[in-house]
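So this block is model_15.cif, mmCIF, C-alpha atoms:
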```cif
data_my_file
#
loop_
_atom_site.label_atom_id
_atom_site.label_comp_id
_atom_site.auth_asym_id
_atom_site.auth_seq_id
_atom_site.Cartn_x
_atom_site.Cartn_y
_atom_site.Cartn_z
CA MET A 154 92.43 -85.02 -138.67
CA THR A 155 91.30 -85.60 -142.26
CA ILE A 156 93.75 -84.26 -144.88
CA PHE A 157 93.83 -84.71 -148.66
CA ASN A 158 96.67 -84.03 -151.06
CA ARG A 159 96.10 -81.06 -153.32
CA GLU A 160 95.48 -83.04 -156.51
CA GLU A 161 92.96 -85.33 -154.80
CA ALA A 162 91.23 -82.40 -153.11
CA ALA A 163 90.93 -80.48 -156.40
CA GLU A 164 89.29 -83.41 -158.17
CA MET A 165 86.89 -83.95 -155.25
CA ILE A 166 85.90 -80.27 -155.23
CA LEU A 167 85.33 -80.05 -158.98
CA GLN A 168 83.35 -83.29 -159.07
CA THR A 169 81.24 -82.16 -156.10
CA CYS A 170 80.46 -78.86 -157.85
CA ARG A 171 79.24 -80.76 -160.89
CA VAL A 172 77.06 -83.06 -158.80
CA LEU A 173 75.60 -80.18 -156.79
CA MET A 174 74.64 -78.39 -160.00
CA GLU A 175 73.05 -81.53 -161.44
CA GLN A 176 71.04 -82.00 -158.25
CA GLY A 177 69.92 -78.37 -158.14
CA LEU A 178 71.58 -77.64 -154.80
CA ILE A 179 73.72 -74.86 -156.26
CA ALA A 180 73.30 -72.66 -159.33
CA ARG A 181 75.54 -70.28 -161.25
CA THR A 182 78.28 -69.10 -158.81
CA TRP A 183 76.22 -69.28 -155.61
CA GLY A 184 77.81 -71.25 -152.79
CA ASN A 185 81.29 -72.65 -152.30
CA VAL A 186 83.15 -75.93 -151.71
CA SER A 187 86.43 -76.66 -149.91
CA ALA A 188 88.72 -79.46 -148.75
CA ARG A 189 91.48 -79.55 -146.09
CA ILE A 190 94.91 -80.13 -147.68
CA THR A 191 97.29 -79.58 -144.72
CA GLU A 192 96.91 -78.99 -141.01
CA GLU A 193 97.11 -75.24 -141.71
CA THR A 194 95.42 -74.81 -145.11
CA PHE A 195 92.39 -75.71 -147.22
CA LEU A 196 91.57 -75.52 -150.92
CA ILE A 197 88.42 -73.60 -151.89
CA THR A 198 86.44 -72.54 -154.95
CA PRO A 199 87.12 -69.01 -156.26
CA SER A 200 84.85 -66.00 -156.01
CA GLY A 201 82.40 -65.45 -158.83
CA ARG A 202 83.51 -68.23 -161.19
CA ALA A 203 80.96 -70.44 -162.97
CA TYR A 204 81.24 -73.98 -161.61
CA GLU A 205 80.94 -75.71 -164.96
CA SER A 206 84.13 -74.06 -166.23
CA LEU A 207 86.32 -74.44 -163.12
CA THR A 208 89.74 -76.08 -163.42
CA PRO A 209 92.17 -77.20 -160.69
CA GLU A 210 94.18 -74.01 -161.32
CA ASP A 211 91.16 -71.89 -160.35
CA LEU A 212 91.01 -73.31 -156.81
CA VAL A 213 92.72 -71.28 -154.10
CA GLU A 214 94.74 -72.42 -151.09
CA VAL A 215 93.81 -70.46 -147.96
CA GLY A 216 95.32 -70.41 -144.48
CA ILE A 217 93.05 -71.71 -141.73
CA GLY A 218 94.55 -69.44 -139.10
CA ASP A 219 95.10 -66.20 -141.01
CA LEU A 220 93.01 -66.57 -144.22
CA ARG A 221 96.04 -65.68 -146.32
CA TRP A 222 96.19 -66.70 -149.97
CA GLU A 223 98.45 -66.04 -152.94
CA GLY A 224 98.00 -65.54 -156.66
CA ASN A 225 95.65 -63.65 -158.96
CA VAL A 226 92.55 -65.75 -158.32
CA LYS A 227 90.43 -64.51 -155.44
CA PRO A 228 89.05 -67.18 -153.08
CA SER A 229 85.41 -67.36 -152.03
CA SER A 230 84.32 -64.45 -149.87
CA GLU A 231 83.00 -67.02 -147.37
CA LYS A 232 86.47 -68.44 -146.76
CA GLY A 233 86.32 -67.32 -143.13
CA MET A 234 83.31 -69.54 -142.50
CA HIS A 235 85.16 -72.58 -143.86
CA ALA A 236 88.26 -71.74 -141.81
CA GLY A 237 86.21 -71.44 -138.63
CA ILE A 238 84.73 -74.90 -139.10
CA TYR A 239 88.09 -76.46 -139.90
CA ARG A 240 89.54 -74.95 -136.72
CA LEU A 241 86.77 -76.28 -134.50
CA ARG A 242 86.16 -79.61 -136.22
CA PRO A 243 89.48 -81.43 -136.81
CA GLU A 244 87.67 -84.51 -138.13
CA CYS A 245 86.16 -82.39 -140.90
CA GLY A 246 87.94 -82.64 -144.25
CA PHE A 247 85.32 -81.33 -146.66
CA ILE A 248 82.75 -78.49 -146.56
CA ILE A 249 79.88 -77.52 -148.86
CA HIS A 250 78.02 -74.20 -148.60
CA THR A 251 74.80 -73.91 -150.59
CA HIS A 252 71.72 -71.74 -151.02
CA GLN A 253 69.51 -74.80 -151.60
CA PRO A 254 65.78 -73.92 -151.64
CA ASN A 255 64.21 -76.04 -148.88
CA ALA A 256 67.02 -75.50 -146.38
CA SER A 257 67.10 -71.77 -147.14
CA ALA A 258 63.34 -71.53 -146.61
CA VAL A 259 63.44 -73.41 -143.30
CA SER A 260 66.33 -71.23 -142.13
CA VAL A 261 63.91 -68.32 -141.65
CA LEU A 262 62.52 -70.13 -138.59
CA GLY A 263 65.82 -69.40 -136.85
CA GLU A 264 65.51 -72.56 -134.76
CA ASP A 265 67.86 -75.40 -133.89
CA ILE A 266 66.19 -78.64 -134.99
CA ASP A 267 66.47 -81.70 -132.76
CA LEU A 268 65.97 -84.56 -135.17
CA GLU A 269 65.54 -87.03 -132.32
CA SER A 270 62.38 -85.25 -131.19
CA LEU A 271 60.69 -85.19 -134.60
CA PRO A 272 57.66 -87.49 -134.87
CA GLY A 273 58.48 -91.04 -135.88
CA ARG A 274 59.78 -91.64 -139.39
CA VAL A 275 57.47 -89.10 -140.98
CA ILE A 276 59.97 -86.23 -141.14
CA CYS A 277 63.36 -87.82 -140.49
CA ARG A 278 64.24 -91.48 -140.87
CA ASP A 279 66.85 -93.29 -138.80
CA GLU A 280 69.41 -93.37 -141.63
CA GLU A 281 68.84 -89.65 -142.26
CA ARG A 282 69.44 -88.83 -138.58
CA LYS A 283 72.69 -90.75 -138.77
CA ILE A 284 73.84 -88.80 -141.84
CA LEU A 285 72.93 -85.41 -140.37
CA GLY A 286 74.20 -86.18 -136.88
CA GLY A 287 71.01 -85.95 -134.83
CA SER A 288 70.58 -82.16 -134.89
CA ILE A 289 70.47 -79.27 -137.34
CA PRO A 290 71.59 -76.10 -135.55
CA CYS A 291 70.69 -72.71 -137.02
CA ALA A 292 73.37 -70.00 -137.00
CA PHE A 293 72.30 -66.45 -136.19
CA TYR A 294 71.98 -64.08 -139.13
CA GLY A 295 74.97 -62.04 -140.20
CA LEU A 296 75.64 -59.96 -143.30
CA SER A 297 77.00 -62.04 -146.17
CA SER A 298 80.75 -62.63 -146.23
CA THR A 299 81.34 -60.93 -142.88
CA LYS A 300 83.34 -62.02 -139.85
CA ARG A 301 80.13 -61.98 -137.85
CA LEU A 302 78.50 -64.51 -140.13
CA ALA A 303 81.61 -66.72 -140.07
CA LYS A 304 81.69 -66.61 -136.27
CA ASN A 305 77.98 -67.39 -136.01
CA VAL A 306 78.34 -70.46 -138.22
CA ALA A 307 81.47 -71.66 -136.42
CA ARG A 308 79.72 -71.22 -133.08
CA ALA A 309 76.77 -73.32 -134.21
CA ALA A 310 79.05 -76.03 -135.61
CA GLY A 311 81.09 -76.05 -132.41
CA GLU A 312 78.05 -76.25 -130.11
CA TYR A 313 76.76 -79.24 -132.04
CA PRO A 314 79.97 -81.21 -132.71
CA LYS A 315 78.11 -84.26 -134.04
CA SER A 316 76.04 -82.33 -136.54
CA ASN A 317 77.02 -82.44 -140.20
CA ALA A 318 74.73 -79.61 -141.29
CA VAL A 319 74.14 -76.05 -140.11
CA LEU A 320 71.36 -73.76 -141.30
CA MET A 321 72.31 -70.11 -141.81
CA ARG A 322 69.34 -67.89 -141.00
CA TYR A 323 68.01 -65.92 -143.97
CA HIS A 324 70.89 -67.28 -146.04
CA GLY A 325 71.31 -71.01 -146.73
CA ALA A 326 73.21 -73.95 -145.29
CA VAL A 327 76.65 -75.41 -144.77
CA CYS A 328 77.31 -79.17 -144.72
CA MET A 329 80.45 -81.01 -143.75
CA GLY A 330 82.02 -84.43 -143.41
CA GLU A 331 85.26 -86.35 -143.33
CA ASP A 332 85.22 -86.44 -147.13
CA ASP A 333 83.22 -85.32 -150.14
CA ALA A 334 80.83 -88.27 -149.99
CA GLN A 335 79.81 -87.51 -146.40
CA ALA A 336 79.38 -83.79 -147.01
CA LEU A 337 77.37 -84.37 -150.20
CA ALA A 338 75.16 -86.93 -148.44
CA ALA A 339 74.53 -84.37 -145.68
CA ALA A 340 73.56 -81.68 -148.23
CA ASN A 341 71.11 -83.97 -150.04
CA THR A 342 69.65 -85.35 -146.83
CA LEU A 343 69.29 -81.85 -145.39
CA GLU A 344 67.28 -80.75 -148.42
CA THR A 345 65.00 -83.78 -148.16
CA VAL A 346 64.40 -83.40 -144.43
CA CYS A 347 63.92 -79.63 -144.70
CA GLY A 348 61.34 -80.28 -147.40
CA ARG A 349 59.35 -82.40 -144.97
CA ILE A 350 59.79 -79.83 -142.20
CA TYR A 351 58.57 -77.14 -144.59
CA GLU A 352 55.46 -79.17 -145.38
CA LYS A 353 54.81 -79.78 -141.69
CA GLN A 354 55.21 -76.10 -140.82
CA THR A 355 53.07 -74.78 -143.70
CA GLY A 356 50.50 -77.57 -143.70
CA GLU A 357 50.86 -77.99 -147.46
CA LYS A 358 52.83 -80.03 -149.97
CA LEU A 359 55.90 -78.56 -151.62
CA ARG A 360 55.13 -76.87 -154.91
CA ARG A 361 57.38 -77.68 -157.82
CA SER A 362 57.66 -76.01 -161.22
CA ALA A 363 56.24 -77.95 -164.15
CA GLY A 364 59.15 -77.12 -166.46
CA ALA A 365 61.15 -74.23 -167.87
CA ALA A 366 58.85 -73.75 -170.87
CA THR A 367 55.86 -73.08 -168.65
CA GLN A 368 57.70 -71.01 -166.05
CA TYR A 369 58.51 -67.83 -167.95
CA GLN A 370 58.61 -65.76 -171.10
CA ILE A 371 61.53 -63.45 -171.86
CA HIS A 372 61.36 -60.12 -173.69
CA GLU A 373 63.89 -57.43 -174.63
CA HIS A 374 63.04 -53.75 -174.42
CA ASP A 375 65.27 -50.68 -174.45
CA GLY A 376 68.38 -52.76 -173.86
CA LYS A 377 66.92 -54.54 -170.84
CA TYR A 378 65.72 -58.11 -170.59
CA ARG A 379 62.52 -58.98 -168.77
CA ILE A 380 61.35 -62.40 -167.66
CA HIS A 381 57.68 -62.82 -166.91
CA THR A 382 57.57 -65.83 -164.61
CA TRP A 383 54.77 -67.90 -163.12
CA THR A 384 56.71 -70.30 -160.89
CA PRO A 385 54.64 -71.74 -158.00
CA TYR A 386 55.69 -69.63 -155.01
CA ILE A 387 55.93 -66.45 -157.07
CA MET A 388 52.33 -67.08 -158.12
CA GLU A 389 51.34 -67.56 -154.47
CA MET A 390 52.86 -64.21 -153.50
CA SER A 391 51.36 -62.44 -156.53
CA ARG A 392 47.88 -63.46 -155.37
CA ARG A 393 48.42 -61.55 -152.13
CA GLY A 394 48.62 -58.30 -154.05
CA LYS A 395 51.02 -56.77 -151.53
CA THR A 396 54.62 -55.58 -151.37
CA LEU A 397 56.96 -58.44 -150.49
CA MET A 398 60.08 -57.97 -148.37
CA PRO A 399 63.26 -60.07 -148.63
CA TYR A 400 63.37 -63.14 -146.41
CA LEU A 401 66.67 -64.31 -147.90
CA ASP A 402 69.74 -62.13 -148.18
CA ASP A 403 70.45 -63.00 -151.81
CA MET A 404 67.05 -61.54 -152.69
CA ALA A 405 67.96 -58.30 -150.93
CA GLN A 406 71.20 -58.25 -152.91
CA ILE A 407 70.05 -59.23 -156.37
CA GLY A 408 66.36 -58.29 -156.36
CA GLY A 409 66.12 -55.26 -154.10
CA ILE A 410 65.07 -54.32 -150.58
CA SER A 411 61.38 -54.79 -151.42
CA THR A 412 59.24 -56.05 -154.28
CA ARG A 413 56.12 -54.06 -155.06
CA CYS A 414 52.97 -55.56 -156.53
CA ILE A 415 51.41 -53.84 -159.52
CA ALA A 416 48.11 -54.36 -161.30
CA GLN A 417 48.03 -56.20 -164.58
CA ASP A 418 48.60 -53.90 -167.58
CA PRO A 419 50.03 -51.04 -165.48
CA THR A 420 50.49 -47.51 -166.72
CA ILE A 421 54.01 -46.30 -167.49
CA ASP A 422 54.05 -44.25 -164.28
CA GLN A 423 52.94 -47.23 -162.19
CA TRP A 424 55.59 -49.41 -163.79
CA ARG A 425 58.38 -46.89 -163.26
CA SER A 426 57.39 -46.30 -159.64
CA ALA A 427 57.33 -50.01 -158.86
CA CYS A 428 60.66 -50.68 -160.59
CA GLY A 429 62.68 -47.90 -158.96
CA GLY A 430 65.83 -49.38 -157.42
CA ARG A 431 64.59 -52.95 -157.91
CA ASN A 432 65.11 -55.87 -160.27
CA ALA A 433 61.71 -57.50 -159.83
CA VAL A 434 58.04 -56.61 -159.45
CA LEU A 435 55.04 -58.79 -158.63
CA VAL A 436 52.05 -58.63 -160.95
CA HIS A 437 48.76 -59.14 -159.12
CA GLU A 438 47.57 -62.70 -159.78
CA ASP A 439 49.97 -62.98 -162.71
CA GLY A 440 53.39 -63.91 -161.35
CA ALA A 441 56.32 -61.52 -161.51
CA ILE A 442 58.55 -59.66 -163.92
CA CYS A 443 62.30 -59.88 -163.31
CA PHE A 444 64.66 -57.70 -165.31
CA ALA A 445 68.37 -57.12 -165.86
CA ASP A 446 70.93 -56.28 -168.53
CA THR A 447 71.17 -59.78 -170.03
CA PRO A 448 68.87 -62.82 -170.26
CA GLU A 449 71.17 -64.75 -167.93
CA GLU A 450 71.08 -62.01 -165.30
CA ALA A 451 67.29 -61.74 -165.51
CA GLU A 452 67.03 -65.50 -165.07
CA ALA A 453 69.25 -65.26 -161.99
CA VAL A 454 66.86 -62.73 -160.45
CA ALA A 455 63.93 -65.05 -161.23
CA ILE A 456 65.65 -68.03 -159.58
CA VAL A 457 66.40 -66.09 -156.41
CA PHE A 458 62.94 -64.53 -156.33
CA GLU A 459 61.18 -67.91 -156.49
CA LYS A 460 63.34 -69.09 -153.60
CA ASN A 461 62.55 -65.95 -151.62
CA CYS A 462 58.84 -66.47 -152.24
CA GLN A 463 59.10 -70.03 -150.94
CA ALA A 464 60.73 -68.71 -147.76
CA ALA A 465 58.12 -65.94 -147.51
CA ASN A 466 55.28 -68.46 -147.79
CA LEU A 467 56.52 -70.14 -144.61
CA ALA A 468 57.47 -66.93 -142.82
CA LEU A 469 54.11 -65.26 -143.40
CA LYS A 470 52.24 -68.28 -142.07
CA LYS A 471 54.38 -68.23 -138.92
CA ALA A 472 54.46 -64.43 -138.50
CA ILE A 473 58.25 -64.42 -138.87
CA PRO A 474 59.72 -61.01 -139.77
CA PRO A 475 61.76 -60.47 -142.93
CA ILE A 476 65.39 -59.38 -142.89
CA GLU A 477 65.67 -56.16 -140.91
CA LYS A 478 65.45 -53.15 -143.26
CA PHE A 479 68.84 -51.71 -142.39
CA SER A 480 70.53 -55.08 -143.03
CA ALA A 481 68.66 -55.50 -146.31
CA ARG A 482 69.83 -52.06 -147.43
CA LEU A 483 73.42 -52.93 -146.55
CA GLU A 484 73.21 -56.23 -148.44
CA ARG A 485 71.91 -54.39 -151.50
CA ALA A 486 74.38 -51.51 -151.26
CA VAL A 487 77.41 -53.76 -150.89
CA TYR A 488 76.25 -55.95 -153.76
CA LEU A 489 75.64 -52.99 -156.10
CA ARG A 490 79.00 -51.44 -155.20
CA LYS A 491 80.78 -54.68 -156.05
CA TYR A 492 78.83 -54.96 -159.29
CA SER A 493 79.70 -51.39 -160.24
CA LYS A 494 83.39 -52.21 -159.91
CA GLN A 495 83.00 -55.46 -161.81
CA ARG A 496 81.35 -53.74 -164.78
CA ASP A 497 84.49 -51.67 -165.24
CA ILE A 498 86.62 -54.79 -165.62
CA ALA A 499 87.37 -55.85 -169.18
CA ALA A 500 85.43 -58.72 -170.70
CA GLY A 501 87.00 -62.08 -169.98
CA ASP A 502 88.11 -61.20 -166.45
CA ALA A 503 87.18 -63.55 -163.61
CA ALA A 504 84.74 -61.16 -161.95
CA SER A 505 81.08 -62.19 -161.97
CA PRO A 506 78.27 -60.14 -163.58
CA GLU A 507 75.06 -58.95 -162.01
CA GLY A 508 73.02 -61.86 -160.81
CA GLU A 509 76.20 -63.78 -159.97
CA LYS A 510 76.68 -63.86 -156.23
CA SER A 511 80.40 -63.84 -155.61
CA CYS A 512 80.42 -66.26 -152.71
#
```
Kindly present the structure from the file in structure tokens form.
Amino acid sequence: MTIFNREEAAEMILQTCRVLMEQGLIARTWGNVSARITEETFLITPSGRAYESLTPEDLVEVGIGDLRWEGNVKPSSEKGMHAGIYRLRPECGFIIHTHQPNASAVSVLGEDIDLESLPGRVICRDEERKILGGSIPCAFYGLSSTKRLAKNVARAAGEYPKSNAVLMRYHGAVCMGEDDAQALAAANTLETVCGRIYEKQTGEKLRRSAGAATQYQIHEHDGKYRIHTWTPYIMEMSRRGKTLMPYLDDMAQIGGISTRCIAQDPTIDQWRSACGGRNAVLVHEDGAICFADTPEEAEAVAIVFEKNCQAANLALKKAIPPIEKFSARLERAVYLRKYSKQRDIAAGDAASPEGEKSC
């Protein structure tokens, strides 16, 4: 069993968060990182805290068997998923959960991936198979932060005991290892391999944004902030001219249970109808408009929407259904209820604002 002392574990977690942000595998407060510190407990990132400002005192010790924790800082809402893996995988000492784009997009396939059966070195090289463990299982979908989701992930990790990465359908991925280096290598390798799988499945090269300056313009109107964005996959979906459903659960939460497509230069009535209960609209052949109470929140919607459009691009080509409507409504309702409570908390509290998934 791999165990770290608390001080060592805290430094590993904080350093890993910084690296993940630099590499674009996590953003804002989305995802979580943990390390085993005793046979019965692990240390995990808190809920809704920005990674760049985390300190060792912000990390929370949680019981593997009962999920108990003490203090005023709330642990990640996905603590049950981490605990389940630690219970089943005693060799595991470090876990990373991300919403990284390529892995999240490939998760919509809902398929276990046998890396040994992939063609030659085109998609997965020998050293990459070794890092990932030969297979990438895909856990069944479950509502975010629920016992069902935690059990689904633990089941997948247990059924593939040599695998160091598990896809979470319509959600993201979780990677693990004996230490931070192994788990981080698995996360990076997973993103690379999933990028190749995505290209194979769609028959096209990955599309990457040219740079922040060319991706969006931001405007303020009536106390709301709007980002008009033209990122690659958003542009692809805007050309369809159709309503887009959520293929990733964070889109259902932050963006809404559907995204309507409006004509360029819409009337006020068309705009209001399309925006009702949503935080984003597609503009036919002209990208999308994402809106929220602050520039940072609007940017968060835009980030999640681009990721959802990447997943949708694959799903539509493969005739894969979006998240079931009832589940999408639940994701949105739970998220909005949490946000409503958070807005009543005084400024400076640890709670995260809209656009900040409290994983």
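Comparing the minimum interatomic distances between A:Leu285 and each of A:Arg202, A:Arg490, A:Arg413, A:Lys315, counting only C-alpha atoms, we find that A:Lys315 sits nearest.
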Nearest to A:Cys462 among A:Met165, A:Met404, A:Ile350, A:Ala445, with distances taken over all atoms listed in the file: which residue is it?
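Checking each of A:Met165, A:Met404, A:Ile350, A:Ala445 against A:Cys462, counting all atoms listed in the file, the winner is A:Met404.
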Residue by residue, what does the PyMOL selection byres ((chain A and resi 325) around 7) grab here? Present the result as a list in words.
Thr251, His252, Gln253, Ala256, Ser257, Ser260, Leu320, Met321, Arg322, Tyr323, His324 and Ala326 of chain A
Name the closest residue to A:Val213 among the candidates A:Val436, A:Ile415, A:Ala472, A:Ile166; distances are taken between atoms, counting all atoms listed in the file.
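Counting all atoms listed in the file, the residue closest to A:Val213 is A:Ile166.
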Separation of atom CA of A:Ala468 and atom CA of A:Glu357, in Å?
13.7 Å
Interatomic distance between atom CA of A:Glu210 and atom CA of A:Ser297?
25.8 Å
Nearest-residue call for A:Leu397, choices A:Glu214, A:Glu459, A:Glu223, A:Glu452, using all atoms listed in the file:
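Using all atoms listed in the file, the shortest distance to A:Leu397 belongs to A:Glu459.
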Quick one: of A:Ala307, A:Val275, A:Met388, A:Cys443, who's nearest to A:Thr345, counting all atoms listed in the file?
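For A:Thr345, the nearest of the given residues is A:Val275.
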Residue neighbourhood stretch 232-244 of chain A, 8 Å, only C-alpha atoms, exclusion window fewer than 5 positions, as a list in words
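Within the cut-off, the hits are Met154, Thr155, Ser187, Arg189, Phe195, Ile197, Val215, Gly216, Ile217, Gly218, Leu220, Ser298, Lys300, Leu302, Ala303, Lys304, Val306, Ala307, Ala310, Gly311, Pro314, Gly330 and Glu331 of chain A.
Note that atom CA of A:Glu449 and atom CA of A:Ser206 are 16.0 Å apart.
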From the list A:Arg221, A:Arg159, A:Lys470, A:Arg482, the nearest residue to A:Ser411 using only C-alpha atoms is A:Arg482
Please write the residues picked by the PyMOL selection byres ((chain A and resi 454) around 12) on this file as an MDAnalysis selection string.
chainID A and resid 180:181 378:382 403:409 412 431:434 441:453 455:461 507:510
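Those residues that approach A:Cys277 to within 10 Å, counting all atoms listed in the file, are Leu268, Glu269, Ser270, Leu271, Pro272, Arg282, Lys283, Leu285, Gly287, Thr342, Leu343, Thr345, Val346, Cys347, Arg349 and Ile350 of chain A; same-chain residues fewer than 5 positions away are not listed.
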